[in-house]
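Visitor: Just one file: final.txt, with compact mmCIF, C-alpha atoms.
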```txt
# COMPACT_ATOMS: atom_id res chain seq x y z
CA MET A 41 -9.20 32.10 15.15
CA ASN A 42 -10.26 33.57 11.82
CA ARG A 43 -6.87 35.22 11.47
CA PHE A 44 -5.19 31.91 12.24
CA TRP A 45 -6.91 30.18 9.30
CA LYS A 46 -6.23 33.09 6.99
CA GLU A 47 -2.49 32.98 7.71
CA PHE A 48 -2.55 29.21 7.46
CA ALA A 49 -4.35 29.06 4.12
CA LYS A 50 -2.33 31.72 2.34
CA GLY A 51 0.92 29.73 2.55
CA ILE A 52 -0.61 26.76 0.78
CA ILE A 53 -1.74 28.31 -2.48
CA ILE A 54 -1.81 32.09 -2.85
CA SER A 55 1.71 32.52 -1.54
CA ASN A 56 3.03 29.01 -2.11
CA PRO A 57 6.73 29.21 -1.21
CA LEU A 58 7.96 27.35 -4.30
CA PHE A 59 5.60 28.13 -7.12
CA ILE A 60 4.59 31.70 -6.23
CA LEU A 61 7.30 33.15 -3.97
CA ALA A 62 9.99 31.14 -5.82
CA LEU A 63 11.89 30.46 -2.58
CA GLY A 64 13.80 27.33 -1.61
CA PHE A 65 14.61 26.09 -5.11
CA CYS A 66 17.94 24.57 -4.13
CA PRO A 67 16.57 21.85 -1.83
CA ALA A 68 13.50 21.42 -4.04
CA LEU A 69 15.61 20.66 -7.10
CA ALA A 70 17.96 18.41 -5.22
CA VAL A 71 15.70 16.19 -3.12
CA SER A 72 12.71 15.82 -5.43
CA THR A 73 14.07 12.58 -6.95
CA SER A 74 11.61 10.46 -4.98
CA VAL A 75 8.38 10.95 -3.06
CA ASP A 76 10.04 9.54 0.08
CA ASN A 77 12.65 12.29 -0.02
CA ALA A 78 9.98 14.93 -0.60
CA ILE A 79 8.07 13.78 2.49
CA GLY A 80 11.23 13.60 4.60
CA MET A 81 12.44 17.03 3.52
CA SER A 82 9.02 18.55 4.22
CA VAL A 83 8.93 17.07 7.71
CA GLY A 84 12.38 18.56 8.33
CA VAL A 85 11.29 21.96 7.01
CA LEU A 86 8.05 21.84 9.03
CA PHE A 87 9.90 21.18 12.28
CA VAL A 88 12.58 23.82 11.67
CA LEU A 89 10.12 26.45 10.43
CA LEU A 90 7.73 25.86 13.32
CA GLY A 91 10.55 26.12 15.85
CA SER A 92 12.19 29.17 14.34
CA ASN A 93 8.93 31.05 13.70
CA LEU A 94 7.79 30.34 17.26
CA ILE A 95 11.00 31.56 18.92
CA VAL A 96 11.56 34.50 16.57
CA SER A 97 8.00 35.69 17.11
CA ALA A 98 8.21 35.21 20.89
CA ILE A 99 11.38 37.32 21.24
CA ARG A 100 10.56 39.79 18.44
CA LYS A 101 10.12 42.76 20.82
CA ALA A 102 13.38 42.13 22.65
CA VAL A 103 15.67 41.61 19.65
CA PRO A 104 17.83 44.68 18.98
CA ASN A 105 17.37 45.62 15.36
CA ILE A 106 21.06 45.63 14.42
CA VAL A 107 21.68 42.02 15.47
CA ARG A 108 18.37 40.57 14.31
CA ILE A 109 19.70 38.61 11.30
CA PRO A 110 22.53 36.90 13.24
CA VAL A 111 20.04 36.05 16.00
CA PHE A 112 17.62 34.50 13.47
CA ILE A 113 20.44 32.52 11.87
CA VAL A 114 21.56 31.13 15.23
CA ILE A 115 18.00 30.09 16.06
CA ILE A 116 17.52 28.43 12.66
CA ALA A 117 20.90 26.67 12.78
CA THR A 118 20.03 25.31 16.22
CA PHE A 119 16.78 23.77 15.03
CA VAL A 120 18.43 22.36 11.92
CA THR A 121 21.11 20.67 14.03
CA VAL A 122 18.46 19.26 16.36
CA VAL A 123 16.43 17.89 13.41
CA ASN A 124 19.61 16.46 11.91
CA LEU A 125 20.48 14.58 15.09
CA ILE A 126 16.92 13.32 15.59
CA PHE A 127 16.66 12.05 11.99
CA HIS A 128 20.06 10.38 12.29
CA ALA A 129 19.04 8.64 15.50
CA TYR A 130 15.48 7.59 14.73
CA VAL A 131 15.01 7.45 10.92
CA PRO A 132 18.49 6.50 9.61
CA ALA A 133 17.23 5.40 6.17
CA LEU A 134 15.70 8.80 5.50
CA TYR A 135 18.77 10.50 6.95
CA GLU A 136 20.92 8.60 4.44
CA SER A 137 18.79 9.51 1.43
CA LEU A 138 18.43 13.21 2.32
CA GLY A 139 22.19 13.34 2.75
CA ILE A 140 23.67 16.80 2.61
CA TYR A 141 20.32 18.52 2.02
CA LEU A 142 19.12 18.09 5.57
CA PRO A 143 21.87 20.26 7.11
CA LEU A 144 21.37 22.64 4.20
CA ILE A 145 17.87 23.52 5.46
CA VAL A 146 19.84 26.12 7.40
CA VAL A 147 20.36 28.13 4.22
CA ASN A 148 16.88 27.42 2.89
CA CYS A 149 15.62 30.92 2.20
CA ILE A 150 12.05 29.94 3.09
CA ILE A 151 13.02 29.68 6.77
CA LEU A 152 14.93 32.95 7.06
CA GLY A 153 12.41 34.59 4.72
CA ARG A 154 9.48 33.72 6.98
CA ALA A 155 11.44 34.71 10.12
CA GLU A 156 12.33 38.11 8.71
CA ALA A 157 9.17 38.89 6.72
CA PHE A 158 6.55 37.41 9.00
CA ALA A 159 7.49 36.04 12.42
CA SER A 160 9.50 39.11 13.47
CA LYS A 161 6.44 41.32 12.94
CA ASN A 162 3.53 39.12 14.03
CA PRO A 163 2.28 37.48 17.23
CA VAL A 164 3.03 33.87 18.10
CA THR A 165 -0.27 32.29 17.00
CA SER A 166 -0.19 33.87 13.52
CA SER A 167 3.46 32.84 13.19
CA ILE A 168 2.57 29.23 13.99
CA ALA A 169 -0.24 29.37 11.43
CA ASP A 170 2.17 30.82 8.90
CA ALA A 171 4.77 28.11 9.57
CA LEU A 172 2.18 25.34 9.19
CA GLY A 173 0.72 26.81 6.00
CA VAL A 174 4.06 27.47 4.34
CA SER A 175 5.32 23.99 5.24
CA ILE A 176 2.23 22.36 3.76
CA GLY A 177 2.58 24.54 0.65
CA PHE A 178 6.22 23.47 0.39
CA PHE A 179 5.22 19.83 0.82
CA LEU A 180 2.51 20.02 -1.88
CA ALA A 181 4.88 21.64 -4.35
CA LEU A 182 7.65 19.15 -3.58
CA PHE A 183 5.18 16.27 -3.78
CA ILE A 184 3.97 17.27 -7.26
CA ILE A 185 7.54 17.64 -8.55
CA SER A 186 8.82 14.41 -7.02
CA PHE A 187 5.70 12.50 -8.10
CA LEU A 188 6.34 13.45 -11.73
CA ARG A 189 10.08 12.92 -11.52
CA GLU A 190 9.94 9.54 -9.81
CA SER A 191 7.17 8.08 -11.96
CA LEU A 192 8.69 9.29 -15.26
CA GLY A 193 12.31 8.73 -14.27
CA THR A 194 12.04 5.24 -12.80
CA GLY A 195 8.78 4.11 -14.42
CA SER A 196 7.21 3.21 -11.09
CA LEU A 197 6.26 4.81 -7.82
CA SER A 198 6.84 3.50 -4.33
CA VAL A 199 6.31 5.25 -1.02
CA PHE A 200 8.35 3.95 1.94
CA GLY A 201 8.84 0.56 0.33
CA VAL A 202 5.22 0.10 -0.78
CA GLU A 203 5.03 -0.22 -4.56
CA LEU A 204 2.09 1.90 -5.73
CA PHE A 205 2.15 1.43 -9.50
CA THR A 206 4.38 0.64 -12.46
CA LEU A 207 3.79 2.43 -15.74
CA PRO A 208 3.29 0.11 -18.75
CA VAL A 209 6.10 1.08 -21.15
CA LEU A 210 8.19 3.27 -18.84
CA GLY A 211 8.61 0.44 -16.35
CA GLU A 212 10.84 -1.29 -18.89
CA HIS A 213 12.52 1.80 -20.32
CA PRO A 214 12.40 4.64 -17.77
CA MET A 215 13.29 8.18 -18.84
CA THR A 216 16.28 8.38 -16.52
CA ILE A 217 16.82 12.05 -17.32
CA PHE A 218 13.90 12.94 -15.04
CA ILE A 219 15.66 11.78 -11.89
CA LEU A 220 18.90 13.47 -12.95
CA PRO A 221 19.43 17.21 -12.34
CA PRO A 222 18.27 18.35 -15.83
CA GLY A 223 14.94 16.62 -15.20
CA ALA A 224 14.48 18.68 -12.06
CA PHE A 225 14.88 21.90 -14.03
CA LEU A 226 12.52 20.71 -16.77
CA VAL A 227 9.73 19.65 -14.42
CA MET A 228 10.15 22.76 -12.28
CA ALA A 229 10.08 25.10 -15.27
CA LEU A 230 6.95 23.51 -16.73
CA LEU A 231 5.13 23.60 -13.40
CA LEU A 232 6.12 27.22 -12.74
CA ALA A 233 4.90 28.19 -16.20
CA LEU A 234 1.64 26.32 -15.61
CA PHE A 235 0.97 27.98 -12.26
CA ARG A 236 1.89 31.36 -13.69
CA ARG A 237 -0.57 30.82 -16.52
CA ILE A 238 -3.35 29.87 -14.10
CA GLY A 239 -2.52 32.95 -12.03
CA VAL A 240 -2.67 35.25 -15.06
CA MET A 241 -5.97 33.76 -16.23
CA LYS A 242 -7.48 34.26 -12.78
CA SER A 243 -6.43 37.89 -12.53
CA GLU A 244 -7.84 38.65 -15.96
CA MET B 14 26.25 58.59 29.32
CA LYS B 15 25.76 55.46 31.37
CA VAL B 16 22.42 54.74 29.75
CA LYS B 17 23.99 55.15 26.31
CA THR B 18 26.77 52.62 27.02
CA LEU B 19 24.23 50.14 28.26
CA LYS B 20 22.26 50.59 25.07
CA GLY B 21 25.35 49.95 22.98
CA VAL B 22 26.24 46.81 24.87
CA PHE B 23 22.76 45.33 24.97
CA PRO B 24 22.83 43.77 21.44
CA ILE B 25 26.09 42.00 22.33
CA ILE B 26 24.66 40.65 25.57
CA PHE B 27 21.49 39.62 23.78
CA ILE B 28 23.22 37.64 21.06
CA THR B 29 25.53 36.02 23.64
CA VAL B 30 22.53 34.81 25.61
CA ILE B 31 20.90 33.47 22.43
CA VAL B 32 24.08 31.62 21.45
CA PHE B 33 24.38 30.06 24.92
CA ALA B 34 20.77 28.94 24.81
CA ALA B 35 21.34 27.46 21.33
CA VAL B 36 24.47 25.61 22.43
CA GLY B 37 22.57 24.26 25.44
CA LEU B 38 19.73 22.94 23.28
CA VAL B 39 22.08 21.34 20.77
CA SER B 40 24.23 19.63 23.42
CA TRP B 41 21.12 18.35 25.17
CA THR B 42 19.80 16.82 21.92
CA ASP B 43 23.25 15.41 21.22
CA SER B 44 23.38 13.74 24.63
CA ILE B 45 20.02 12.01 24.16
CA THR B 46 20.62 10.94 20.55
CA ARG B 47 24.29 9.94 20.74
CA ASP B 48 23.77 6.38 22.02
CA GLU B 49 20.96 5.84 19.55
CA ILE B 50 23.16 6.93 16.62
CA GLU B 51 25.99 4.64 17.77
CA ASP B 52 23.53 1.73 18.14
CA GLN B 53 22.18 2.45 14.70
CA LYS B 54 25.62 2.15 13.09
CA GLU B 55 26.40 -0.98 15.09
CA GLN B 56 23.10 -2.58 14.05
CA GLN B 57 23.62 -1.70 10.40
CA ILE B 58 27.04 -3.35 10.38
CA GLN B 59 25.74 -6.36 12.30
CA SER B 60 22.84 -6.98 9.92
CA MET B 61 25.18 -6.64 6.93
CA LEU B 62 27.61 -9.11 8.47
CA THR B 63 24.83 -11.62 9.21
CA GLU B 64 23.68 -11.35 5.63
CA MET B 65 27.20 -11.98 4.38
CA PHE B 66 28.01 -14.77 6.85
CA PRO B 67 24.68 -16.47 7.64
CA SER B 68 26.38 -18.87 10.05
CA MET B 69 27.85 -16.05 12.16
CA SER B 70 27.24 -16.39 15.88
CA LYS B 71 29.43 -13.51 17.02
CA TYR B 72 32.13 -11.20 15.77
CA THR B 73 35.09 -9.39 17.27
CA PHE B 74 36.44 -6.10 16.02
CA GLU B 75 40.20 -5.68 16.08
CA ASP B 76 42.41 -3.15 14.27
CA ASP B 77 39.64 -2.24 11.80
CA ILE B 78 38.98 -5.88 10.90
CA TYR B 79 35.90 -7.85 11.92
CA ILE B 80 36.73 -11.45 12.74
CA ILE B 81 33.68 -13.62 12.12
CA ASP B 82 33.02 -16.52 14.42
CA ALA B 83 30.50 -19.32 13.97
CA ASP B 84 30.06 -21.50 17.07
CA GLY B 85 33.69 -21.26 18.05
CA ALA B 86 35.18 -21.67 14.58
CA LYS B 87 36.56 -18.76 12.62
CA VAL B 88 34.74 -18.52 9.28
CA GLY B 89 36.20 -15.35 7.83
CA TYR B 90 37.00 -11.69 8.05
CA ALA B 91 35.29 -8.46 7.06
CA PHE B 92 36.42 -4.86 6.83
CA LEU B 93 35.26 -1.49 5.62
CA ALA B 94 36.85 -0.04 2.48
CA VAL B 95 36.46 3.60 1.50
CA GLY B 96 37.05 4.71 -2.06
CA LYS B 97 36.53 7.76 -4.24
CA GLY B 98 33.63 7.34 -6.64
CA TYR B 99 32.26 9.64 -9.31
CA GLY B 100 30.16 11.65 -6.85
CA GLY B 101 31.99 11.30 -3.53
CA ASP B 102 33.07 8.62 -1.10
CA ILE B 103 31.84 5.04 -1.45
CA ASP B 104 31.87 2.94 1.73
CA ILE B 105 32.04 -0.77 1.09
CA LEU B 106 31.85 -3.69 3.48
CA VAL B 107 34.03 -6.52 2.18
CA GLY B 108 33.91 -10.07 3.51
CA LEU B 109 36.75 -12.59 3.13
CA ASN B 110 36.73 -16.36 3.53
CA ASN B 111 39.43 -18.11 5.51
CA GLU B 112 41.20 -18.83 2.21
CA MET B 113 41.32 -15.08 1.52
CA THR B 114 38.88 -15.20 -1.38
CA ILE B 115 35.99 -12.75 -1.50
CA LYS B 116 32.98 -13.88 0.51
CA GLY B 117 30.80 -10.93 -0.37
CA VAL B 118 30.65 -7.21 -1.00
CA THR B 119 28.01 -4.77 0.27
CA ILE B 120 27.81 -1.06 -0.45
CA VAL B 121 27.26 0.69 2.89
CA SER B 122 26.86 4.22 1.57
CA GLN B 123 27.40 6.02 -1.71
CA THR B 124 26.49 9.27 -3.46
CA GLU B 125 26.81 8.22 -7.10
CA THR B 126 24.50 9.51 -9.83
CA PRO B 127 20.98 8.17 -9.17
CA GLY B 128 19.92 5.61 -11.76
CA LEU B 129 23.42 5.28 -13.25
CA GLY B 130 26.32 5.01 -10.81
CA SER B 131 23.99 4.18 -7.93
CA ARG B 132 23.41 0.79 -9.58
CA ILE B 133 26.64 -0.34 -7.87
CA THR B 134 24.38 -1.20 -4.91
CA ASP B 135 22.38 -3.73 -7.00
CA SER B 136 23.00 -7.36 -6.13
CA SER B 137 23.51 -8.02 -9.85
CA PHE B 138 26.76 -6.06 -9.54
CA THR B 139 27.89 -6.84 -5.98
CA GLY B 140 27.00 -10.53 -6.48
CA LYS B 141 29.78 -10.87 -9.05
CA PHE B 142 32.47 -10.51 -6.40
CA ALA B 143 31.60 -13.64 -4.42
CA GLY B 144 34.18 -16.42 -4.67
CA LEU B 145 36.77 -14.43 -6.62
CA SER B 146 40.40 -14.44 -5.60
CA ILE B 147 41.81 -10.98 -4.94
CA ASP B 148 43.74 -10.79 -8.21
CA ASP B 149 40.57 -11.37 -10.23
CA VAL B 150 38.82 -8.39 -8.61
CA ALA B 151 39.30 -5.97 -11.52
CA LEU B 152 37.23 -4.79 -14.44
CA LYS B 153 37.33 -7.05 -17.51
CA ARG B 154 39.12 -4.40 -19.55
CA ASP B 155 41.89 -4.43 -16.92
CA GLY B 156 42.18 -8.22 -17.09
CA GLY B 157 39.83 -9.03 -14.22
CA GLN B 158 36.57 -10.93 -13.90
CA ILE B 159 34.01 -8.17 -13.37
CA ASP B 160 31.87 -6.49 -16.02
CA ALA B 161 31.49 -2.73 -15.57
CA ILE B 162 27.89 -1.46 -15.38
CA THR B 163 26.91 0.11 -18.70
CA GLY B 164 27.05 3.90 -18.40
CA SER B 165 28.90 3.93 -15.09
CA THR B 166 32.38 2.67 -15.76
CA ILE B 167 33.91 5.12 -13.28
CA SER B 168 31.68 4.08 -10.38
CA SER B 169 32.14 0.37 -11.16
CA GLY B 170 35.90 0.81 -11.47
CA ALA B 171 36.05 2.74 -8.19
CA VAL B 172 34.30 -0.06 -6.31
CA VAL B 173 36.41 -2.78 -7.88
CA ASP B 174 39.72 -1.00 -7.31
CA THR B 175 38.84 0.01 -3.75
CA VAL B 176 37.91 -3.57 -2.88
CA ARG B 177 41.08 -4.99 -4.40
CA ILE B 178 43.53 -2.44 -3.00
CA THR B 179 42.05 -2.47 0.51
CA ALA B 180 41.79 -6.27 0.52
CA ILE B 181 45.49 -6.60 -0.33
CA GLU B 182 46.36 -4.23 2.54
CA LYS B 183 44.18 -6.06 5.04
CA ILE B 184 45.42 -9.50 4.03
CA LYS B 185 48.97 -8.27 4.54
CA ALA B 186 48.04 -6.95 7.99
CA LEU B 187 46.38 -10.27 8.86
CA THR B 188 49.32 -12.41 7.81
CA GLU B 189 51.73 -10.17 9.74
CA ARG B 190 49.60 -10.56 12.84
CA GLN B 191 49.71 -14.33 12.79
```
In structure tokens, what does this structure look like?

Guide:
Amino acid sequence: MNRFWKEFAKGIIISNPLFILALGFCPALAVSTSVDNAIGMSVGVLFVLLGSNLIVSAIRKAVPNIVRIPVFIVIIATFVTVVNLIFHAYVPALYESLGIYLPLIVVNCIILGRAEAFASKNPVTSSIADALGVSIGFFLALFIISFLRESLGTGSLSVFGVELFTLPVLGEHPMTIFILPPGAFLVMALLLALFRRIGVMKSE
Amino acid sequence: MKVKTLKGVFPIIFITVIVFAAVGLVSWTDSITRDEIEDQKEQQIQSMLTEMFPSMSKYTFEDDIYIIDADGAKVGYAFLAVGKGYGGDIDILVGLNNEMTIKGVTIVSQTETPGLGSRITDSSFTGKFAGLSIDDVALKRDGGQIDAITGSTISSGAVVDTVRITAIEKIKALTERQ
């Protein structure tokens, strides 16, 4: 059980997929325009990562080494398609707003990265812990980015239709650049630099 | 020798089995979600039509045109128009009165720039179409009645042109049918 928590906790902060491992930037830049999208994307990633880590880890001893990457890709693509269909059927609004990025989870390097670097070498329970931890780490990172982008870029913040707050001056004149692609790069760069700085200070 | 051949073939067999399992799982999910997805689309259209024609009691769908019925009397038509925007396709639901003037316009889906072009979905823009005759559905700079949204002339123009061009086509089809 101890091992389980260790694998779980490491994905959240010490090897946070976005800020530390610098994986999965493409979806993070693209869907972090609103907190709703960040939550939806994270749920998608959680489901796909859990499924692929579980299966990859379960069959890890049987997979012939030379076909392991194609096998992992097939498994990941399957889960992505399943998530895509389920979102389309049961949460159409979220499906609409995630658009092309939901099917693109298939090329999200976090998923293949965890399959290759972790699940293919570790037992099922640790792989589940790893999937959960990494997904939560991904969600936290995405949440911070989208929180800043949505509140600066639109001047207010709402989660699933519930208006949380409106900023005094920005509500009237939002800094639209933050919800456009350049804003994603700006926020991401500043956060990466910040986390890097904290990391350096800690190691000193 | 025999053992060696088996070893060489095993990866191929393995990946084939994996692919079959994957196809099985995907088709199974597809079979349980298909009806739901169809329903979802149907419901979306229906709620948009009710919003556009509050008196609607039922509608029939014929040759890509929705014929709107209110307690036995025909109150108008609606159809889907697809146009090229700045960032991809824009799907628009257009409603027509019996007199072939615009009843209403609703953006069904779009991928325009968030915060700029995406403002075509605002009722402050789509509301301007109501009551116009087809010839007036053009941007003001092209001699029409509709103001372009500041900062998104291309998206506004795409919506306006798509509505006008498709409406002309559909009206022609309707008059030929009668």

Visitor: Kindly provide the residues of chain A that approach chain B to within 8 Å, each paired with its closest atom pair and their distance in Å to one decimal, based on all atoms listed in the file, listed by chain and increasing number, as a tab-separated table.

Guide:
```
residue	atom	partner	partner_atom	distance
A:Val103	CA	B:Phe27	CA	7.4
A:Pro104	CA	B:Pro24	CA	5.6
A:Ile106	CA	B:Pro24	CA	7.5
A:Val107	CA	B:Pro24	CA	6.3
A:Pro110	CA	B:Ile28	CA	7.9
A:Val111	CA	B:Ile28	CA	6.2
A:Val114	CA	B:Val32	CA	6.7
A:Ile115	CA	B:Ala35	CA	6.8
A:Thr118	CA	B:Ala35	CA	5.7
A:Thr121	CA	B:Val39	CA	6.8
A:Val122	CA	B:Val39	CA	6.1
A:Leu125	CA	B:Thr46	CA	6.6
A:Ile126	CA	B:Thr46	CA	6.6
A:His128	CA	B:Ile50	CA	6.3
A:Ala129	CA	B:Ile50	CA	4.6
A:Tyr130	CA	B:Glu49	CA	7.5
A:Pro132	CA	B:Gln53	CA	7.5
A:Glu136	CA	B:Ser122	CA	7.9
A:Thr194	CA	B:Gly128	CA	8.0
A:Thr216	CA	B:Gly128	CA	6.6
A:Ile219	CA	B:Pro127	CA	7.0
A:Leu220	CA	B:Pro127	CA	6.8
```

Visitor: Rank A:Gly193, A:Gly153, A:Pro208, A:Gly223 by their smallest atom-to-atom distance to Gly64 (chain A), using all atoms listed in the file, and report the top residue only.

Guide: A:Gly153

Visitor: Between CA of Ala157 (chain A) and CA of Asn56 (chain A), what distance in Å does the model show, to one decimal?

Guide: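 Atom-to-atom, CA of Ala157 (chain A) and CA of Asn56 (chain A) are spaced 14.6 Å apart.
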
Visitor: Would you work out the distance separating CA of Tyr99 (chain B) from CA of Leu230 (chain A), expressed in Å to one decimal?

Guide: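 If I compute the distance from CA of Tyr99 (chain B) to CA of Leu230 (chain A), I get 29.8 Å.
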
Visitor: What residues have an atom no more than 12 Å from (18.7, 30.8, 9.0) in the file's own frame, counting all atoms listed in the file, and can you write them as an MDAnalysis selection string?

Guide: chainID A and resid 85 88:89 91:93 96 108:121 143:156

Visitor: List the spatial neighbours of region 171-176 of chain A as number ranges by chain - criterion: any atom at most 6 Å away, only C-alpha atoms, same-chain residues fewer than 4 positions off excluded.

Guide: A: 48-49, 51-52, 86, 89-90

Visitor: What's the separation between CA of Met69 (chain B) and CA of Leu93 (chain B), in Å to one decimal place?

Guide: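 So the two atoms, CA of Met69 (chain B) and CA of Leu93 (chain B), lie 17.6 Å apart.
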
Visitor: Considering all atoms listed in the file, state which residue in the set B:Ile115, B:Ser165, B:Glu125, B:Thr73 is at the smallest distance from Leu145 (chain B).

Guide: B:Ile115

Visitor: Neighbours of Ile80 (chain B) within 8 Å (all atoms listed in the file; same-chain residues fewer than 4 positions away dropped), as a PDB file with C-alpha atoms, in the coordinates of the input?

Guide:
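Produced file result-v7.pdb, reproduced below:
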```pdb
ATOM      1  CA  TYR B  72      32.130 -11.200  15.770  1.00  0.00           C
ATOM      2  CA  THR B  73      35.090  -9.390  17.270  1.00  0.00           C
ATOM      3  CA  PHE B  74      36.440  -6.100  16.020  1.00  0.00           C
ATOM      4  CA  GLU B  75      40.200  -5.680  16.080  1.00  0.00           C
ATOM      5  CA  LYS B  87      36.560 -18.760  12.620  1.00  0.00           C
ATOM      6  CA  GLY B  89      36.200 -15.350   7.830  1.00  0.00           C
ATOM      7  CA  TYR B  90      37.000 -11.690   8.050  1.00  0.00           C
ATOM      8  CA  ALA B  91      35.290  -8.460   7.060  1.00  0.00           C
TER       9      ALA B  91
END
```

Visitor: Compare A:Phe59, A:Phe179, A:Phe65, A:Phe158 by their minimum atom-to-atom distance to Arg237 (chain A), counting only C-alpha atoms, and give me the closest one.

Guide: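 Between A:Phe59, A:Phe179, A:Phe65, A:Phe158, the residue approaching Arg237 (chain A) most closely is A:Phe59.
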
Visitor: Draw an axis-aligned box over all listed atoms of region 89-94 of chain B, pad each side with 8 Å, and write its centre and edge lengths in Å, one decimal, as lines of an AutoDock Vina configuration file.

Guide:
```
center_x = 36.1
center_y = -7.7
center_z = 5.3
size_x = 17.7
size_y = 31.3
size_z = 21.6
```

Visitor: Give the answer as one residue: which of B:Thr188, B:Ser131, B:Ser136, B:Thr119 has the shortest atom-to-atom distance to Thr163 (chain B), using all atoms listed in the file?

Guide: B:Ser131

Visitor: How would you write as a PyMOL selection string the residues that get within 6 Å of (17.4, 21.5, -0.5) in the file's frame, counting all atoms listed in the file?

Guide: chain A and resi 66-68+70+141

Visitor: B:Lys183, B:Phe138, B:Arg132, B:Val118: which is nearest Met65 (chain B), counting only C-alpha atoms?

Guide: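 Smallest distance to Met65 (chain B) is found for B:Val118.
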